Amino acid sequence: MFKAIYLTRDEEKTVSAEIAELDESNLPEHDVAIDVEYSTVNYKDGLAIMGKPGVVRSYPMIPGIDLAGTISSSDSSDYEVGDKIVLNGWEVGESHWGGLAQKSRLSSDWLVPLPEAFTTKQAMAIGTAGYTAMLCVLALEEHGVRPDNGPILVTGASGGVGSTAVAILGKLGFEVVASTGRPEESTYLNDLGASEIIDRNGLGEENPRPLQGTRWAGVVDAVGSHTLANAIAQTNANGCVAACGLAQGADLNTSVMPFILRGVTLAGINSVYEPFARRKLAWDRMATDLDPDKLEQMTQVVGLGESINVADQILQGKVRGRVVVDVNA
Ligand SMILES: NC(=O)c1ccc[n+]([C@@H]2O[C@H](COP(=O)([O-])OP(=O)(O)OC[C@H]3O[C@@H](n4cnc5c(N)ncnc54)[C@H](OP(=O)(O)O)[C@@H]3O)[C@@H](O)[C@H]2O)c1
């Protein structure tokens, strides 16, 4: 038997989340079994656990788009019993039973060997949020954005993607401007690597002019909606905006002007289906470009049962940085 967060949906389509004791024989058929050590709560996990539409494809479901742990049985030639692994995405916690559980069965194709630089706990402090922040930084670099080009704007800076992006970009020598609705987190953001903190209302014009005064060599946007529209409008010629999130909304009110008159690139980031080589690159880069002390500064640890409360908090924008879930606590 093992403990898991268990989501069910009734005939009125109301989703309930509880801690359940499940038999291992209930786990789906895949080629590796994992003793999960840590998982995490990302924004998407918040949506799943709180029963918001568009994430969970079938019920009952164990949520958790990330996990890290040890292989306990393997029919795969790539992994042996005792190997440490990390999993992000591949619709785990959406279509396949996920990481907020003590046990898991997954396809070995979805796994990445745990980088030597990290413990399983640190890997989950990074989680999908941190790995996505690294994918955003890779996109900026691949579009030619360099520290001497000018400041990088990070939106939703106090959240998981934002905090990790601030820390990585700061370590890489970029001038980081953190946009937040939480001025009380200014010291936290400065300590992570931001040189300037701006109020997110400054990017709050709901029908923004598509071309505004330029400020940003690059942008990491976890927020979407008019924040993203304003950020694009303020991006320098030939700059790049990496868009990964929708914490404010999924709409985007802009025009082609920033793209055809300034050569701005809008780089879409989808962490879920990235191929193995890209995941490995992102994890390897985090081993060198994310300071472990900063990672610890941005992370709190909770037990499995508390993850339901954290899910509610993250959707309200009240979680700072990253939350690791110790599934055995
Ligand atoms: N594309 C992908 O593959 C991918 C991967 C990971 C995450 N994501 C998405 O990225 C986003 C961030 O994820 P996360 O795990 O970092 O979530 P998070 O920890 O909740 O961070 C989101 C941050 O956005 C800001 N925010 C929240 N509500 C807002 C609003 N109404 N208006 C403006 N800003 C708001 C808050 O930052 P401040 O308080 O500092 O303003 C909040 O901390 C989510 O939409 C998530 O689904 C996408």
# chains A, B, ... in the order shown; residues from 1 in each chain; ligands from 1

call {"tool": "residues_around", "arguments": {"residues": "Ile198 of chain A", "least_positions_apart": "5", "cutoff": "7 Å", "atoms": "only C-alpha atoms", "output": "PDB file with all heavy atoms, in the first residue's frame"}}
result
ATOM      1  N   ALA A 178      12.943  42.630 -11.861  1.00  0.00           N
ATOM      2  CA  ALA A 178      11.896  41.710 -11.407  1.00  0.00           C
ATOM      3  C   ALA A 178      10.579  42.455 -11.278  1.00  0.00           C
ATOM      4  O   ALA A 178      10.495  43.443 -10.544  1.00  0.00           O
ATOM      5  CB  ALA A 178      12.300  41.092 -10.068  1.00  0.00           C
ATOM      6  N   SER A 179       9.555  41.987 -11.979  1.00  0.00           N
ATOM      7  CA  SER A 179       8.221  42.575 -11.864  1.00  0.00           C
ATOM      8  C   SER A 179       7.398  41.737 -10.898  1.00  0.00           C
ATOM      9  O   SER A 179       7.275  40.517 -11.068  1.00  0.00           O
ATOM     10  CB  SER A 179       7.559  42.594 -13.248  1.00  0.00           C
ATOM     11  OG  SER A 179       6.169  42.799 -13.110  1.00  0.00           O
ATOM     12  N   THR A 180       6.833  42.391  -9.898  1.00  0.00           N
ATOM     13  CA  THR A 180       6.077  41.645  -8.887  1.00  0.00           C
ATOM     14  C   THR A 180       4.908  42.472  -8.369  1.00  0.00           C
ATOM     15  O   THR A 180       4.953  43.708  -8.371  1.00  0.00           O
ATOM     16  CB  THR A 180       6.987  41.233  -7.704  1.00  0.00           C
ATOM     17  OG1 THR A 180       6.225  40.453  -6.786  1.00  0.00           O
ATOM     18  CG2 THR A 180       7.573  42.439  -6.981  1.00  0.00           C
TER      19      THR A 180
END

call {"tool": "closest_atom_pairs", "arguments": {"of": "chain A", "to": "ligand 1", "cutoff": "8 Å", "atoms": "only C-alpha atoms and all ligand atoms", "output": "tab-separated table"}}
result
residue	atom	partner	partner_atom_place_in_ligand_line	distance
A:Val41	CA	ligand 1	15 (O)	7.5
A:Asn42	CA	ligand 1	15 (O)	4.1
A:Tyr43	CA	ligand 1	15 (O)	4.0
A:Lys44	CA	ligand 1	47 (O)	4.9
A:Thr128	CA	ligand 1	6 (C)	5.4
A:Ala129	CA	ligand 1	6 (C)	4.5
A:Gly130	CA	ligand 1	6 (C)	7.7
A:Tyr131	CA	ligand 1	5 (C)	7.8
A:Thr132	CA	ligand 1	5 (C)	5.1
A:Ala133	CA	ligand 1	6 (C)	7.7
A:Thr155	CA	ligand 1	41 (O)	6.8
A:Gly156	CA	ligand 1	37 (O)	3.4
A:Ala157	CA	ligand 1	40 (O)	4.2
A:Ser158	CA	ligand 1	40 (O)	3.6
A:Gly159	CA	ligand 1	43 (O)	3.3
A:Gly160	CA	ligand 1	16 (O)	3.5
A:Val161	CA	ligand 1	16 (O)	3.7
A:Gly162	CA	ligand 1	16 (O)	5.9
A:Ser163	CA	ligand 1	16 (O)	7.7
A:Ala178	CA	ligand 1	40 (O)	7.9
A:Ser179	CA	ligand 1	40 (O)	6.3
A:Thr180	CA	ligand 1	41 (O)	3.4
A:Gly181	CA	ligand 1	41 (O)	3.8
A:Arg182	CA	ligand 1	39 (O)	4.9
A:Glu185	CA	ligand 1	40 (O)	7.8
A:Arg200	CA	ligand 1	41 (O)	6.2
A:Asp221	CA	ligand 1	10 (O)	7.9
A:Ala222	CA	ligand 1	11 (C)	4.4
A:Val223	CA	ligand 1	24 (O)	5.4
A:Gly224	CA	ligand 1	45 (O)	7.7
A:Thr227	CA	ligand 1	33 (C)	7.1
A:Ala243	CA	ligand 1	1 (N)	7.4
A:Cys244	CA	ligand 1	1 (N)	3.9
A:Gly245	CA	ligand 1	10 (O)	3.4
A:Leu246	CA	ligand 1	45 (O)	3.8
A:Ala247	CA	ligand 1	45 (O)	4.1
A:Gln248	CA	ligand 1	30 (C)	3.8
A:Gly249	CA	ligand 1	31 (N)	7.2
A:Gly268	CA	ligand 1	1 (N)	7.5
A:Ile269	CA	ligand 1	1 (N)	5.0
A:Asn270	CA	ligand 1	3 (O)	3.7
A:Ser271	CA	ligand 1	3 (O)	3.6
A:Val272	CA	ligand 1	3 (O)	5.6
A:Ile314	CA	ligand 1	20 (O)	4.7
A:Leu315	CA	ligand 1	20 (O)	6.0
A:Gln316	CA	ligand 1	28 (N)	6.6
A:Gly317	CA	ligand 1	27 (C)	4.3
A:Lys318	CA	ligand 1	43 (O)	6.4
A:Val319	CA	ligand 1	19 (O)	5.9
A:Arg320	CA	ligand 1	43 (O)	6.2
A:Gly321	CA	ligand 1	19 (O)	6.0
A:Arg322	CA	ligand 1	19 (O)	6.7

call {"tool": "select_by_dssp", "arguments": {"residues": "segment 70-301 of chain A", "states": "strand (DSSP E)", "output": "PDB file with N, CA and C atoms, in the first residue's frame"}}
result
ATOM      1  N   THR A  70      13.852   6.835  -6.610  1.00  0.00           N
ATOM      2  CA  THR A  70      14.767   5.741  -6.893  1.00  0.00           C
ATOM      3  C   THR A  70      14.007   4.620  -7.606  1.00  0.00           C
ATOM      4  N   ILE A  71      14.621   4.075  -8.647  1.00  0.00           N
ATOM      5  CA  ILE A  71      13.994   2.961  -9.378  1.00  0.00           C
ATOM      6  C   ILE A  71      13.913   1.742  -8.456  1.00  0.00           C
ATOM      7  N   SER A  72      12.702   1.178  -8.320  1.00  0.00           N
ATOM      8  CA  SER A  72      12.536   0.002  -7.452  1.00  0.00           C
ATOM      9  C   SER A  72      12.348  -1.275  -8.270  1.00  0.00           C
ATOM     10  N   SER A  73      11.941  -1.162  -9.530  1.00  0.00           N
ATOM     11  CA  SER A  73      11.972  -2.319 -10.432  1.00  0.00           C
ATOM     12  C   SER A  73      12.009  -1.787 -11.859  1.00  0.00           C
ATOM     13  N   SER A  74      12.658  -2.561 -12.754  1.00  0.00           N
ATOM     14  CA  SER A  74      12.862  -2.028 -14.102  1.00  0.00           C
ATOM     15  C   SER A  74      12.857  -3.120 -15.153  1.00  0.00           C
ATOM     16  N   LYS A  84      18.826   6.761  -9.420  1.00  0.00           N
ATOM     17  CA  LYS A  84      18.040   7.946  -9.055  1.00  0.00           C
ATOM     18  C   LYS A  84      17.602   8.659 -10.330  1.00  0.00           C
ATOM     19  N   ILE A  85      16.354   9.081 -10.357  1.00  0.00           N
ATOM     20  CA  ILE A  85      15.814   9.714 -11.576  1.00  0.00           C
ATOM     21  C   ILE A  85      15.001  10.964 -11.237  1.00  0.00           C
ATOM     22  N   VAL A  86      14.759  11.761 -12.278  1.00  0.00           N
ATOM     23  CA  VAL A  86      13.847  12.901 -12.151  1.00  0.00           C
ATOM     24  C   VAL A  86      12.878  12.864 -13.332  1.00  0.00           C
ATOM     25  N   LEU A  87      11.658  13.260 -13.074  1.00  0.00           N
ATOM     26  CA  LEU A  87      10.609  13.264 -14.107  1.00  0.00           C
ATOM     27  C   LEU A  87       9.928  14.615 -14.118  1.00  0.00           C
ATOM     28  N   ASN A  88       9.811  15.197 -15.304  1.00  0.00           N
ATOM     29  CA  ASN A  88       9.018  16.432 -15.477  1.00  0.00           C
ATOM     30  C   ASN A  88       8.124  16.272 -16.703  1.00  0.00           C
ATOM     31  N   LYS A 103       4.614   6.003  -4.439  1.00  0.00           N
ATOM     32  CA  LYS A 103       5.028   5.051  -5.480  1.00  0.00           C
ATOM     33  C   LYS A 103       4.527   5.538  -6.832  1.00  0.00           C
ATOM     34  N   SER A 104       5.280   5.149  -7.878  1.00  0.00           N
ATOM     35  CA  SER A 104       4.864   5.523  -9.226  1.00  0.00           C
ATOM     36  C   SER A 104       5.337   4.450 -10.204  1.00  0.00           C
ATOM     37  N   ARG A 105       4.598   4.313 -11.284  1.00  0.00           N
ATOM     38  CA  ARG A 105       5.054   3.498 -12.422  1.00  0.00           C
ATOM     39  C   ARG A 105       5.016   4.379 -13.648  1.00  0.00           C
ATOM     40  N   LEU A 106       6.136   4.447 -14.395  1.00  0.00           N
ATOM     41  CA  LEU A 106       6.230   5.359 -15.525  1.00  0.00           C
ATOM     42  C   LEU A 106       6.970   4.709 -16.676  1.00  0.00           C
ATOM     43  N   LEU A 111      12.003   9.637 -18.373  1.00  0.00           N
ATOM     44  CA  LEU A 111      12.861   9.962 -17.225  1.00  0.00           C
ATOM     45  C   LEU A 111      14.171  10.613 -17.654  1.00  0.00           C
ATOM     46  N   VAL A 112      14.745  11.347 -16.733  1.00  0.00           N
ATOM     47  CA  VAL A 112      16.110  11.869 -16.887  1.00  0.00           C
ATOM     48  C   VAL A 112      16.893  11.363 -15.671  1.00  0.00           C
ATOM     49  N   PRO A 113      18.091  10.803 -15.889  1.00  0.00           N
ATOM     50  CA  PRO A 113      18.890  10.417 -14.713  1.00  0.00           C
ATOM     51  C   PRO A 113      19.133  11.643 -13.835  1.00  0.00           C
ATOM     52  N   ILE A 152      17.083  42.350 -18.474  1.00  0.00           N
ATOM     53  CA  ILE A 152      16.080  41.307 -18.736  1.00  0.00           C
ATOM     54  C   ILE A 152      14.939  41.499 -17.740  1.00  0.00           C
ATOM     55  N   LEU A 153      13.718  41.536 -18.250  1.00  0.00           N
ATOM     56  CA  LEU A 153      12.530  41.617 -17.401  1.00  0.00           C
ATOM     57  C   LEU A 153      12.054  40.206 -17.054  1.00  0.00           C
ATOM     58  N   VAL A 154      11.814  39.944 -15.770  1.00  0.00           N
ATOM     59  CA  VAL A 154      11.193  38.680 -15.342  1.00  0.00           C
ATOM     60  C   VAL A 154       9.862  39.025 -14.704  1.00  0.00           C
ATOM     61  N   VAL A 176      18.952  42.017 -14.015  1.00  0.00           N
ATOM     62  CA  VAL A 176      17.605  41.448 -13.945  1.00  0.00           C
ATOM     63  C   VAL A 176      16.655  42.450 -13.304  1.00  0.00           C
ATOM     64  N   VAL A 177      15.566  42.739 -13.989  1.00  0.00           N
ATOM     65  CA  VAL A 177      14.516  43.591 -13.443  1.00  0.00           C
ATOM     66  C   VAL A 177      13.316  42.687 -13.136  1.00  0.00           C
ATOM     67  N   ALA A 178      12.943  42.630 -11.861  1.00  0.00           N
ATOM     68  CA  ALA A 178      11.896  41.710 -11.407  1.00  0.00           C
ATOM     69  C   ALA A 178      10.579  42.455 -11.278  1.00  0.00           C
ATOM     70  N   SER A 179       9.555  41.987 -11.979  1.00  0.00           N
ATOM     71  CA  SER A 179       8.221  42.575 -11.864  1.00  0.00           C
ATOM     72  C   SER A 179       7.398  41.737 -10.898  1.00  0.00           C
ATOM     73  N   THR A 180       6.833  42.391  -9.898  1.00  0.00           N
ATOM     74  CA  THR A 180       6.077  41.645  -8.887  1.00  0.00           C
ATOM     75  C   THR A 180       4.908  42.472  -8.369  1.00  0.00           C
ATOM     76  N   ALA A 194      18.069  39.989  -8.494  1.00  0.00           N
ATOM     77  CA  ALA A 194      17.451  41.115  -9.218  1.00  0.00           C
ATOM     78  C   ALA A 194      18.133  42.420  -8.820  1.00  0.00           C
ATOM     79  N   SER A 195      18.425  43.267  -9.814  1.00  0.00           N
ATOM     80  CA  SER A 195      19.029  44.553  -9.464  1.00  0.00           C
ATOM     81  C   SER A 195      17.970  45.637  -9.342  1.00  0.00           C
ATOM     82  N   GLU A 196      16.798  45.419  -9.904  1.00  0.00           N
ATOM     83  CA  GLU A 196      15.711  46.397  -9.775  1.00  0.00           C
ATOM     84  C   GLU A 196      14.392  45.643  -9.628  1.00  0.00           C
ATOM     85  N   ILE A 197      13.511  46.194  -8.785  1.00  0.00           N
ATOM     86  CA  ILE A 197      12.176  45.600  -8.594  1.00  0.00           C
ATOM     87  C   ILE A 197      11.165  46.610  -9.115  1.00  0.00           C
ATOM     88  N   ILE A 198      10.233  46.163  -9.971  1.00  0.00           N
ATOM     89  CA  ILE A 198       9.179  47.091 -10.414  1.00  0.00           C
ATOM     90  C   ILE A 198       7.812  46.516 -10.050  1.00  0.00           C
ATOM     91  N   ASP A 199       6.873  47.435  -9.845  1.00  0.00           N
ATOM     92  CA  ASP A 199       5.498  47.046  -9.521  1.00  0.00           C
ATOM     93  C   ASP A 199       4.843  46.489 -10.786  1.00  0.00           C
ATOM     94  N   TRP A 216      13.823  46.485 -22.632  1.00  0.00           N
ATOM     95  CA  TRP A 216      14.276  45.130 -22.298  1.00  0.00           C
ATOM     96  C   TRP A 216      15.011  44.475 -23.466  1.00  0.00           C
ATOM     97  N   ALA A 217      16.191  43.924 -23.160  1.00  0.00           N
ATOM     98  CA  ALA A 217      16.887  43.104 -24.159  1.00  0.00           C
ATOM     99  C   ALA A 217      16.201  41.744 -24.284  1.00  0.00           C
ATOM    100  N   GLY A 218      15.597  41.319 -23.200  1.00  0.00           N
ATOM    101  CA  GLY A 218      14.889  40.037 -23.188  1.00  0.00           C
ATOM    102  C   GLY A 218      13.877  40.012 -22.058  1.00  0.00           C
ATOM    103  N   VAL A 219      12.946  39.071 -22.168  1.00  0.00           N
ATOM    104  CA  VAL A 219      11.885  38.943 -21.155  1.00  0.00           C
ATOM    105  C   VAL A 219      11.657  37.462 -20.878  1.00  0.00           C
ATOM    106  N   VAL A 220      11.508  37.121 -19.593  1.00  0.00           N
ATOM    107  CA  VAL A 220      10.976  35.806 -19.212  1.00  0.00           C
ATOM    108  C   VAL A 220       9.611  36.075 -18.613  1.00  0.00           C
ATOM    109  N   ASP A 221       8.564  35.612 -19.285  1.00  0.00           N
ATOM    110  CA  ASP A 221       7.199  35.934 -18.867  1.00  0.00           C
ATOM    111  C   ASP A 221       6.453  34.688 -18.408  1.00  0.00           C
ATOM    112  N   THR A 235      10.088  45.783 -25.650  1.00  0.00           N
ATOM    113  CA  THR A 235      11.314  45.013 -25.915  1.00  0.00           C
ATOM    114  C   THR A 235      12.125  45.670 -27.027  1.00  0.00           C
ATOM    115  N   ASN A 236      13.437  45.709 -26.792  1.00  0.00           N
ATOM    116  CA  ASN A 236      14.368  46.345 -27.741  1.00  0.00           C
ATOM    117  C   ASN A 236      14.314  45.679 -29.114  1.00  0.00           C
ATOM    118  N   ALA A 237      14.791  46.384 -30.127  1.00  0.00           N
ATOM    119  CA  ALA A 237      14.929  45.800 -31.463  1.00  0.00           C
ATOM    120  C   ALA A 237      15.769  44.531 -31.374  1.00  0.00           C
ATOM    121  N   ASN A 238      15.291  43.481 -32.040  1.00  0.00           N
ATOM    122  CA  ASN A 238      15.958  42.170 -32.087  1.00  0.00           C
ATOM    123  C   ASN A 238      16.039  41.474 -30.731  1.00  0.00           C
ATOM    124  N   GLY A 239      15.261  41.954 -29.764  1.00  0.00           N
ATOM    125  CA  GLY A 239      15.200  41.284 -28.474  1.00  0.00           C
ATOM    126  C   GLY A 239      14.319  40.046 -28.536  1.00  0.00           C
ATOM    127  N   CYS A 240      14.271  39.330 -27.420  1.00  0.00           N
ATOM    128  CA  CYS A 240      13.496  38.078 -27.392  1.00  0.00           C
ATOM    129  C   CYS A 240      12.662  38.016 -26.124  1.00  0.00           C
ATOM    130  N   VAL A 241      11.417  37.571 -26.283  1.00  0.00           N
ATOM    131  CA  VAL A 241      10.494  37.400 -25.163  1.00  0.00           C
ATOM    132  C   VAL A 241      10.150  35.916 -25.068  1.00  0.00           C
ATOM    133  N   ALA A 242      10.554  35.279 -23.977  1.00  0.00           N
ATOM    134  CA  ALA A 242      10.226  33.863 -23.773  1.00  0.00           C
ATOM    135  C   ALA A 242       8.942  33.789 -22.962  1.00  0.00           C
ATOM    136  N   ALA A 243       7.876  33.266 -23.581  1.00  0.00           N
ATOM    137  CA  ALA A 243       6.560  33.228 -22.943  1.00  0.00           C
ATOM    138  C   ALA A 243       6.251  31.804 -22.506  1.00  0.00           C
ATOM    139  N   THR A 265      11.448  38.734 -31.199  1.00  0.00           N
ATOM    140  CA  THR A 265      11.073  37.317 -31.285  1.00  0.00           C
ATOM    141  C   THR A 265      10.226  36.954 -30.076  1.00  0.00           C
ATOM    142  N   LEU A 266       9.080  36.326 -30.340  1.00  0.00           N
ATOM    143  CA  LEU A 266       8.267  35.773 -29.249  1.00  0.00           C
ATOM    144  C   LEU A 266       8.532  34.273 -29.240  1.00  0.00           C
ATOM    145  N   ALA A 267       9.252  33.807 -28.243  1.00  0.00           N
ATOM    146  CA  ALA A 267       9.635  32.387 -28.167  1.00  0.00           C
ATOM    147  C   ALA A 267       8.689  31.669 -27.214  1.00  0.00           C
ATOM    148  N   GLY A 268       7.894  30.746 -27.766  1.00  0.00           N
ATOM    149  CA  GLY A 268       6.989  29.953 -26.929  1.00  0.00           C
ATOM    150  C   GLY A 268       7.747  28.817 -26.262  1.00  0.00           C
ATOM    151  N   THR A 299      13.055  27.966  -1.387  1.00  0.00           N
ATOM    152  CA  THR A 299      12.303  26.709  -1.267  1.00  0.00           C
ATOM    153  C   THR A 299      11.799  26.457   0.148  1.00  0.00           C
ATOM    154  N   GLN A 300      10.548  26.007   0.244  1.00  0.00           N
ATOM    155  CA  GLN A 300      10.021  25.483   1.511  1.00  0.00           C
ATOM    156  C   GLN A 300       9.594  24.032   1.281  1.00  0.00           C
ATOM    157  N   VAL A 301       9.597  23.241   2.361  1.00  0.00           N
ATOM    158  CA  VAL A 301       9.246  21.823   2.254  1.00  0.00           C
ATOM    159  C   VAL A 301       7.978  21.563   3.051  1.00  0.00           C
TER     160      VAL A 301
END

call {"tool": "closest_residue", "arguments": {"among": "A:Val264, A:Val310, A:Met124, A:Ala33", "to": "Tyr79 of chain A", "atoms": "only C-alpha atoms"}}
result
A:Ala33

call {"tool": "select_by_dssp", "arguments": {"residues": "segment 115-281 of chain A", "states": "helix (DSSP H, G or I)", "output": "ChimeraX atom specification"}}
result
/A:120-142,147-149,160-171,183-192,200-203,225-233,257-262,276-281

call {"tool": "residues_around", "arguments": {"residues": "Ala277 of chain A", "least_positions_apart": "3", "cutoff": "12 Å", "atoms": "only C-alpha atoms", "output": "MDAnalysis selection string"}}
result
chainID A and resid 109:113 273:274 280:284

call {"tool": "write_last_selection", "arguments": {"atoms": "all heavy atoms", "output": "compact mmCIF listing (two decimals), in the first residue's frame"}}
result
# COMPACT_ATOMS: atom_id res chain seq x y z
N ASP A 109 11.11 6.13 -20.96
CA ASP A 109 11.39 7.16 -21.97
C ASP A 109 11.20 8.57 -21.43
O ASP A 109 11.69 9.54 -22.01
CB ASP A 109 10.47 7.00 -23.19
CG ASP A 109 10.77 5.75 -23.97
OD1 ASP A 109 11.88 5.19 -23.79
OD2 ASP A 109 9.90 5.31 -24.74
N TRP A 110 10.41 8.70 -20.37
CA TRP A 110 10.09 10.03 -19.84
C TRP A 110 11.12 10.52 -18.81
O TRP A 110 11.07 11.68 -18.40
CB TRP A 110 8.72 10.03 -19.16
CG TRP A 110 7.59 9.60 -20.05
CD1 TRP A 110 7.55 9.65 -21.41
CD2 TRP A 110 6.34 9.04 -19.63
NE1 TRP A 110 6.35 9.16 -21.86
CE2 TRP A 110 5.59 8.78 -20.79
CE3 TRP A 110 5.79 8.74 -18.38
CZ2 TRP A 110 4.31 8.23 -20.74
CZ3 TRP A 110 4.51 8.19 -18.34
CH2 TRP A 110 3.78 7.95 -19.51
N LEU A 111 12.00 9.64 -18.37
CA LEU A 111 12.86 9.96 -17.23
C LEU A 111 14.17 10.61 -17.65
O LEU A 111 14.65 10.39 -18.77
CB LEU A 111 13.18 8.68 -16.44
CG LEU A 111 11.97 7.84 -16.01
CD1 LEU A 111 12.46 6.62 -15.25
CD2 LEU A 111 11.00 8.66 -15.19
N VAL A 112 14.75 11.35 -16.73
CA VAL A 112 16.11 11.87 -16.89
C VAL A 112 16.89 11.36 -15.67
O VAL A 112 16.39 11.47 -14.54
CB VAL A 112 16.11 13.41 -16.92
CG1 VAL A 112 17.54 13.95 -16.89
CG2 VAL A 112 15.37 13.93 -18.16
N PRO A 113 18.09 10.80 -15.89
CA PRO A 113 18.89 10.42 -14.71
C PRO A 113 19.13 11.64 -13.83
O PRO A 113 19.39 12.73 -14.36
CB PRO A 113 20.21 9.90 -15.33
CG PRO A 113 19.87 9.55 -16.74
CD PRO A 113 18.78 10.50 -17.16
N TYR A 273 6.68 18.39 -23.50
CA TYR A 273 7.08 17.37 -24.49
C TYR A 273 8.51 17.58 -25.00
O TYR A 273 8.84 17.09 -26.08
CB TYR A 273 6.13 17.37 -25.68
CG TYR A 273 4.67 17.27 -25.30
CD1 TYR A 273 3.82 18.36 -25.43
CD2 TYR A 273 4.16 16.08 -24.78
CE1 TYR A 273 2.48 18.28 -25.06
CE2 TYR A 273 2.83 15.99 -24.41
CZ TYR A 273 2.01 17.10 -24.55
OH TYR A 273 0.70 17.01 -24.18
N GLU A 274 9.33 18.34 -24.30
CA GLU A 274 10.70 18.54 -24.77
C GLU A 274 11.40 17.19 -24.90
O GLU A 274 11.28 16.34 -24.02
CB GLU A 274 11.49 19.44 -23.81
CG GLU A 274 11.09 20.89 -23.86
CD GLU A 274 11.54 21.60 -25.13
OE1 GLU A 274 11.96 20.95 -26.08
OE2 GLU A 274 11.45 22.84 -25.15
N LYS A 280 18.01 17.16 -20.94
CA LYS A 280 19.34 16.90 -20.36
C LYS A 280 20.16 18.20 -20.38
O LYS A 280 20.82 18.52 -19.39
CB LYS A 280 19.98 15.80 -21.21
CG LYS A 280 21.35 15.38 -20.84
CD LYS A 280 21.32 14.22 -19.85
CE LYS A 280 22.70 13.68 -19.51
NZ LYS A 280 23.73 14.67 -19.30
N LEU A 281 20.07 18.93 -21.50
CA LEU A 281 20.80 20.19 -21.60
C LEU A 281 20.35 21.16 -20.50
O LEU A 281 21.16 21.78 -19.81
CB LEU A 281 20.58 20.82 -22.99
CG LEU A 281 21.12 22.24 -23.18
CD1 LEU A 281 22.64 22.26 -23.08
CD2 LEU A 281 20.67 22.82 -24.53
N ALA A 282 19.02 21.27 -20.34
CA ALA A 282 18.50 22.19 -19.33
C ALA A 282 18.97 21.78 -17.93
O ALA A 282 19.42 22.62 -17.13
CB ALA A 282 16.98 22.25 -19.39
N TRP A 283 18.90 20.48 -17.62
CA TRP A 283 19.32 20.01 -16.29
C TRP A 283 20.82 20.21 -16.11
O TRP A 283 21.29 20.61 -15.04
CB TRP A 283 18.91 18.56 -16.05
CG TRP A 283 17.47 18.49 -15.62
CD1 TRP A 283 16.38 18.20 -16.38
CD2 TRP A 283 16.97 18.75 -14.29
NE1 TRP A 283 15.24 18.28 -15.62
CE2 TRP A 283 15.57 18.61 -14.34
CE3 TRP A 283 17.56 19.11 -13.09
CZ2 TRP A 283 14.76 18.80 -13.22
CZ3 TRP A 283 16.76 19.30 -11.96
CH2 TRP A 283 15.37 19.15 -12.04
N ASP A 284 21.61 19.95 -17.15
CA ASP A 284 23.07 20.15 -17.04
C ASP A 284 23.39 21.62 -16.81
O ASP A 284 24.27 21.96 -16.02
CB ASP A 284 23.78 19.66 -18.31
CG ASP A 284 23.83 18.14 -18.40
OD1 ASP A 284 23.49 17.48 -17.38
OD2 ASP A 284 24.17 17.61 -19.46

call {"tool": "residues_around", "arguments": {"residues": "Ser107 of chain A", "least_positions_apart": "6", "cutoff": "8 Å", "atoms": "only C-alpha atoms", "output": "ChimeraX atom specification"}}
result
/A:30-32

call {"tool": "write_last_selection", "arguments": {"atoms": "N, CA and C atoms", "output": "CSV table (one decimal), in the first residue's frame"}}
result
chain,number,residue,atom,x,y,z
A,30,HIS,N,3.7,0.3,-16.7
A,30,HIS,CA,4.8,0.9,-17.4
A,30,HIS,C,6.0,0.2,-17.1
A,31,ASP,N,7.2,0.5,-17.7
A,31,ASP,CA,8.3,-0.4,-17.6
A,31,ASP,C,9.2,-0.1,-16.4
A,32,VAL,N,9.0,1.0,-15.7
A,32,VAL,CA,9.8,1.2,-14.4
A,32,VAL,C,8.9,1.6,-13.3

call {"tool": "residues_around", "arguments": {"residues": "Trp97 of chain A", "least_positions_apart": "6", "cutoff": "7 Å", "atoms": "only C-alpha atoms", "output": "PyMOL selection string"}}
result
chain A and resi 61-63

call {"tool": "closest_residue", "arguments": {"among": "A:Glu205, A:Ala125, A:Arg279, A:Leu228", "to": "Val302 of chain A", "atoms": "only C-alpha atoms"}}
result
A:Ala125

call {"tool": "closest_residue", "arguments": {"among": "A:Ala17, A:Val36, A:Met50, A:Ala229", "to": "Leu67 of chain A", "atoms": "only C-alpha atoms"}}
result
A:Val36

call {"tool": "closest_residue", "arguments": {"among": "A:Ala311, A:Val92, A:Met286, A:Leu261", "to": "Leu138 of chain A", "atoms": "only C-alpha atoms"}}
result
A:Met286

call {"tool": "residues_around", "arguments": {"residues": "Lys294 of chain A", "least_positions_apart": "3", "cutoff": "10 Å", "atoms": "only C-alpha atoms", "output": "MDAnalysis selection string"}}
result
chainID A and resid 163:164 166:168 171 188 191:193 290:291 297:299

call {"tool": "residues_around", "arguments": {"residues": "Ala329 of chain A", "least_positions_apart": "6", "cutoff": "10 Å", "atoms": "only C-alpha atoms", "output": "list of chain:residue names"}}
result
A:Glu37, A:Tyr38, A:Gln102, A:Val301, A:Val302, A:Gly303, A:Leu304, A:Gly305, A:Glu306
